[in-house]
Amino acid sequence: MSGNSAGAAGPRYALFAGYGLSLLLAFGILTLWVRQRWALAAFQLSVLALAFAWSWAYAWLGGTLRLRPALAPMAFIPCWGAAQLLLRKTLHPWLTMEETISWTVCLLAAFLALQAAGQPRFRAWFPAALLVFSSLLGVQALLQLFTSPGQVFWLFDSGYTDMVLGPFVYHNKYAQFVELVLPLALWRAFTRRREAPLWLVAAAILFAGVVAGASRSGFALLLLETLVVILLAWRKSLLSGRAAALLLLQAAVLLAAWGFIAGWDFLWARLTGLDPLSDLRFPMMRSTLAMIARFPLWGCGLGAWPAVYPEFAVFDIGLFANQAHCDWLQWAAEGGVPLLLAFCSLAALLARPLLRSVWGVGFFTVLVHAIIDYPFHQLPAFTALLVCTALIAGESAEQQFPESAKT
């Protein structure tokens, strides 16, 4: 193949990988509720197949290989899990193998997203597609919550009786999904003034789902996130002080109005009835700290926390403890200090490009939420969406603001 033909083929297969990955991420999100193994297996095998197809096309046709420092800590995670298995440093090899596979698939998805983000057409298409997908899912989630409690898409039994929002059977997971995409809706409203009412309404609908789901931490973080996005846009001179104040007022009115539509009663009851001393998270975190002290270097094994936790439990809640309810502590417990440092490095490497992008700050909101919950555990497809969206937002910022990237 001639050099010109190869050069033309490179963007084509990068776009193919990006569009294919986007469809797989949508499939992964829409099947989060499925308890059977087939949904996760289909997602993971499809990402592996797509990565293989991209590798074949790259080897045969050539093209540009895009690498970023943020991939290094991501690659460390499955490598650390493999090392735990090979050196027998895990207390539950099967769970560690599963978690290692999940992070390998996440790494491949992030790599493919990065290759596709090199194409201007994909960088423009992905945020729009994500926002449309999220807005439609937000509408569906609200309607489903009020008309078919406990049912997913009005058809499938979720195993729960209430607080099921679309494919999210856990209201905090839905809140974390909204935390990721709400800044994008606000960003579109700021940068496309003629479309501002549409995207502000989309943001309000997503916010209303969090109110209806009564996620206390999600509600507080979304309010803070809205303020941060407006301040970042004002600092970039994309908004004047007057325009920023006006948009903040508009956003507040819409969020409050849609909150009333969704109903504030349940959320208000949870906020006013909050008793930190009775919250089960804190004893579980204390037990996790004891686990870290026992396995400071290697950890107990990726994914092994649920199996190891009973040995360190300080009380019996009568239920199965699936996660530590603090991703940061759980990473340290499962992979020791090295794994915790890898995630800190990932956050540090993504900080500057995501702040430049403005709409990418949703990823950091989810990282903050991870202090008291587990957005990066249990649902590999959701983790892949979080990471891929962050990388694409960072790449978009680098292309849109190249002068700030050099300073």
# chains A, B, ... in the order shown; residues from 1 in each chain; ligands from 1
>>> select_by_dssp(residues="stretch 3-179 of chain A", states="alpha helix (DSSP H)", output="JSON, numbers by chain")
{"A": [3, 4, 5, 6, 7, 8, 9, 10, 11, 12, 13, 14, 15, 16, 17, 18, 19, 20, 21, 22, 23, 24, 25, 26, 27, 28, 29, 30, 37, 38, 39, 40, 41, 42, 43, 44, 45, 46, 47, 48, 49, 50, 51, 52, 53, 54, 55, 56, 57, 58, 59, 60, 61, 71, 72, 73, 74, 75, 76, 77, 78, 79, 80, 81, 82, 83, 84, 85, 86, 93, 94, 95, 96, 97, 98, 99, 100, 101, 102, 103, 104, 105, 106, 107, 108, 109, 110, 111, 112, 113, 114, 115, 116, 120, 121, 122, 123, 124, 125, 126, 127, 128, 129, 130, 131, 132, 133, 134, 135, 136, 137, 138, 139, 140, 141, 142, 143, 144, 145, 146, 147, 171, 172, 173, 174, 175, 176, 177, 178, 179]}
>>> closest_atom_pairs(of="stretch 105-203 of chain A", to="stretch 51-62 of chain A", cutoff="9 Å", atoms="only C-alpha atoms", output="Markdown table")
| residue | atom | partner | partner_atom | distance |
| --- | --- | --- | --- | --- |
| A:Leu108 | CA | A:Ala51 | CA | 6.5 |
| A:Ala109 | CA | A:Ala51 | CA | 7.7 |
| A:Phe111 | CA | A:Ala51 | CA | 8.6 |
| A:Leu112 | CA | A:Ala51 | CA | 6.9 |
>>> residues_around(residues="A:Ser46", least_positions_apart="5", cutoff="10 Å", atoms="only C-alpha atoms", output="tab-separated table (two decimals) with N, CA and C atoms, in the first residue's frame")
chain	number	residue	atom	x	y	z
A	20	GLY	N	-17.12	2.40	17.23
A	20	GLY	CA	-17.39	1.07	17.78
A	20	GLY	C	-17.31	1.05	19.30
A	21	LEU	N	-16.28	1.71	19.83
A	21	LEU	CA	-16.13	1.77	21.28
A	21	LEU	C	-17.31	2.51	21.91
A	24	LEU	N	-20.19	0.21	22.21
A	24	LEU	CA	-19.96	-0.78	23.27
A	24	LEU	C	-20.15	-0.16	24.65
A	40	LEU	N	-21.65	-8.67	30.92
A	40	LEU	CA	-20.27	-8.25	31.14
A	40	LEU	C	-19.33	-8.96	30.19
A	41	ALA	N	-19.54	-10.27	29.98
A	41	ALA	CA	-18.67	-11.02	29.08
A	41	ALA	C	-18.77	-10.48	27.66
A	51	ALA	N	-10.06	-4.04	19.99
A	51	ALA	CA	-8.64	-3.71	20.15
A	51	ALA	C	-7.78	-4.56	19.23
A	52	PHE	N	-8.14	-5.82	19.05
A	52	PHE	CA	-7.41	-6.69	18.13
A	52	PHE	C	-7.55	-6.19	16.70
A	105	VAL	N	-9.29	-4.70	30.20
A	105	VAL	CA	-10.29	-4.24	29.24
A	105	VAL	C	-10.45	-2.73	29.32
>>> residues_around(residues="A:Phe343", least_positions_apart="5", cutoff="9 Å", atoms="only C-alpha atoms", output="PyMOL selection string")
chain A and resi 73-74+77+328+331+338+348
>>> closest_residue(among="A:Gly138, A:Pro183, A:Gly301, A:Pro380", to="A:Ala212", atoms="only C-alpha atoms")
A:Gly138
>>> closest_residue(among="A:Leu391, A:Val211, A:Ala293, A:Cys106", to="A:Ala347", atoms="only C-alpha atoms")
A:Leu391
>>> closest_residue(among="A:Phe376, A:Phe146, A:Trp33, A:Phe219", to="A:Tyr170", atoms="only C-alpha atoms")
A:Trp33
>>> closest_residue(among="A:Leu349, A:Leu143, A:Val164, A:Leu184", to="A:Ala72", atoms="only C-alpha atoms")
A:Leu349
>>> atom_distance(atom1="atom CA of A:His92", atom2="atom CA of A:Gln330")
15.0 Å
>>> closest_residue(among="A:Phe27, A:Phe133, A:Phe76, A:Trp154", to="A:Thr104", atoms="only C-alpha atoms")
A:Phe76
>>> closest_residue(among="A:Ser102, A:Ala252, A:His377, A:Leu354", to="A:Trp305", atoms="only C-alpha atoms")
A:His377
>>> atom_distance(atom1="atom CA of A:Ala370", atom2="atom CA of A:Leu145")
24.8 Å
>>> atom_distance(atom1="atom CA of A:Arg286", atom2="atom CA of A:Val308")
14.0 Å
>>> residues_around(residues="A:Ala26", least_positions_apart="5", cutoff="10 Å", atoms="only C-alpha atoms", output="VMD selection string")
chain A and resid 20 to 21 31 43 130 133 to 134 381 to 382 385
>>> residues_around(residues="A:Pro11", least_positions_apart="5", cutoff="9 Å", atoms="only C-alpha atoms", output="number ranges by chain")
A: 16, 63-64, 116, 118-119
>>> write_last_selection(atoms="N, CA and C atoms", output="PDB file, in the first residue's frame")
ATOM      1  N   PHE A  16     -13.389   4.304  13.073  1.00  0.00           N
ATOM      2  CA  PHE A  16     -14.140   3.059  13.249  1.00  0.00           C
ATOM      3  C   PHE A  16     -14.005   2.559  14.680  1.00  0.00           C
ATOM      4  N   GLY A  63      -0.054   4.194  10.367  1.00  0.00           N
ATOM      5  CA  GLY A  63      -0.813   5.293  10.956  1.00  0.00           C
ATOM      6  C   GLY A  63      -0.061   5.917  12.106  1.00  0.00           C
ATOM      7  N   THR A  64      -0.753   6.718  12.878  1.00  0.00           N
ATOM      8  CA  THR A  64      -0.141   7.424  14.014  1.00  0.00           C
ATOM      9  C   THR A  64      -0.572   6.778  15.312  1.00  0.00           C
ATOM     10  N   ALA A 116      -8.896   7.327  18.784  1.00  0.00           N
ATOM     11  CA  ALA A 116     -10.005   7.983  18.079  1.00  0.00           C
ATOM     12  C   ALA A 116     -10.022   9.477  18.344  1.00  0.00           C
ATOM     13  N   GLY A 118      -7.759  11.470  18.345  1.00  0.00           N
ATOM     14  CA  GLY A 118      -6.862  12.201  17.452  1.00  0.00           C
ATOM     15  C   GLY A 118      -7.561  12.732  16.214  1.00  0.00           C
ATOM     16  N   GLN A 119      -8.788  12.283  15.976  1.00  0.00           N
ATOM     17  CA  GLN A 119      -9.544  12.716  14.806  1.00  0.00           C
ATOM     18  C   GLN A 119     -10.532  13.817  15.183  1.00  0.00           C
TER      19      GLN A 119
END
>>> residues_around(residues="A:Asp157", least_positions_apart="6", cutoff="12 Å", atoms="only C-alpha atoms", output="MDAnalysis selection string")
chainID A and resid 33:35 148:151 164 166:167 169
>>> write_last_selection(atoms="N, CA and C atoms", output="CSV table (one decimal), in the first residue's frame")
chain,number,residue,atom,x,y,z
A,33,TRP,N,-27.7,-3.4,34.7
A,33,TRP,CA,-28.7,-4.1,35.7
A,33,TRP,C,-28.6,-5.6,35.6
A,34,VAL,N,-28.1,-6.1,34.5
A,34,VAL,CA,-28.1,-7.5,34.2
A,34,VAL,C,-27.2,-8.3,35.2
A,35,ARG,N,-27.7,-9.2,36.0
A,35,ARG,CA,-26.9,-9.9,36.9
A,35,ARG,C,-26.2,-11.1,36.3
A,148,SER,N,-42.9,2.8,37.0
A,148,SER,CA,-42.6,1.4,37.1
A,148,SER,C,-41.5,1.1,38.1
A,149,PRO,N,-41.8,1.3,39.4
A,149,PRO,CA,-40.7,1.2,40.4
A,149,PRO,C,-40.2,-0.2,40.5
A,150,GLY,N,-38.8,-0.3,40.5
A,150,GLY,CA,-38.2,-1.6,40.5
A,150,GLY,C,-38.0,-2.3,39.2
A,151,GLN,N,-38.7,-1.8,38.2
A,151,GLN,CA,-38.6,-2.4,36.8
A,151,GLN,C,-37.6,-1.6,36.0
A,164,VAL,N,-34.8,2.6,41.3
A,164,VAL,CA,-34.1,2.1,40.1
A,164,VAL,C,-34.3,3.1,39.1
A,166,GLY,N,-33.4,4.0,35.3
A,166,GLY,CA,-32.9,3.4,34.1
A,166,GLY,C,-32.2,2.1,34.4
A,167,PRO,N,-31.0,1.9,33.8
A,167,PRO,CA,-30.3,0.7,34.1
A,167,PRO,C,-29.5,0.7,35.4
A,169,VAL,N,-29.4,0.4,39.2
A,169,VAL,CA,-30.2,-0.2,40.3
A,169,VAL,C,-29.8,0.4,41.7
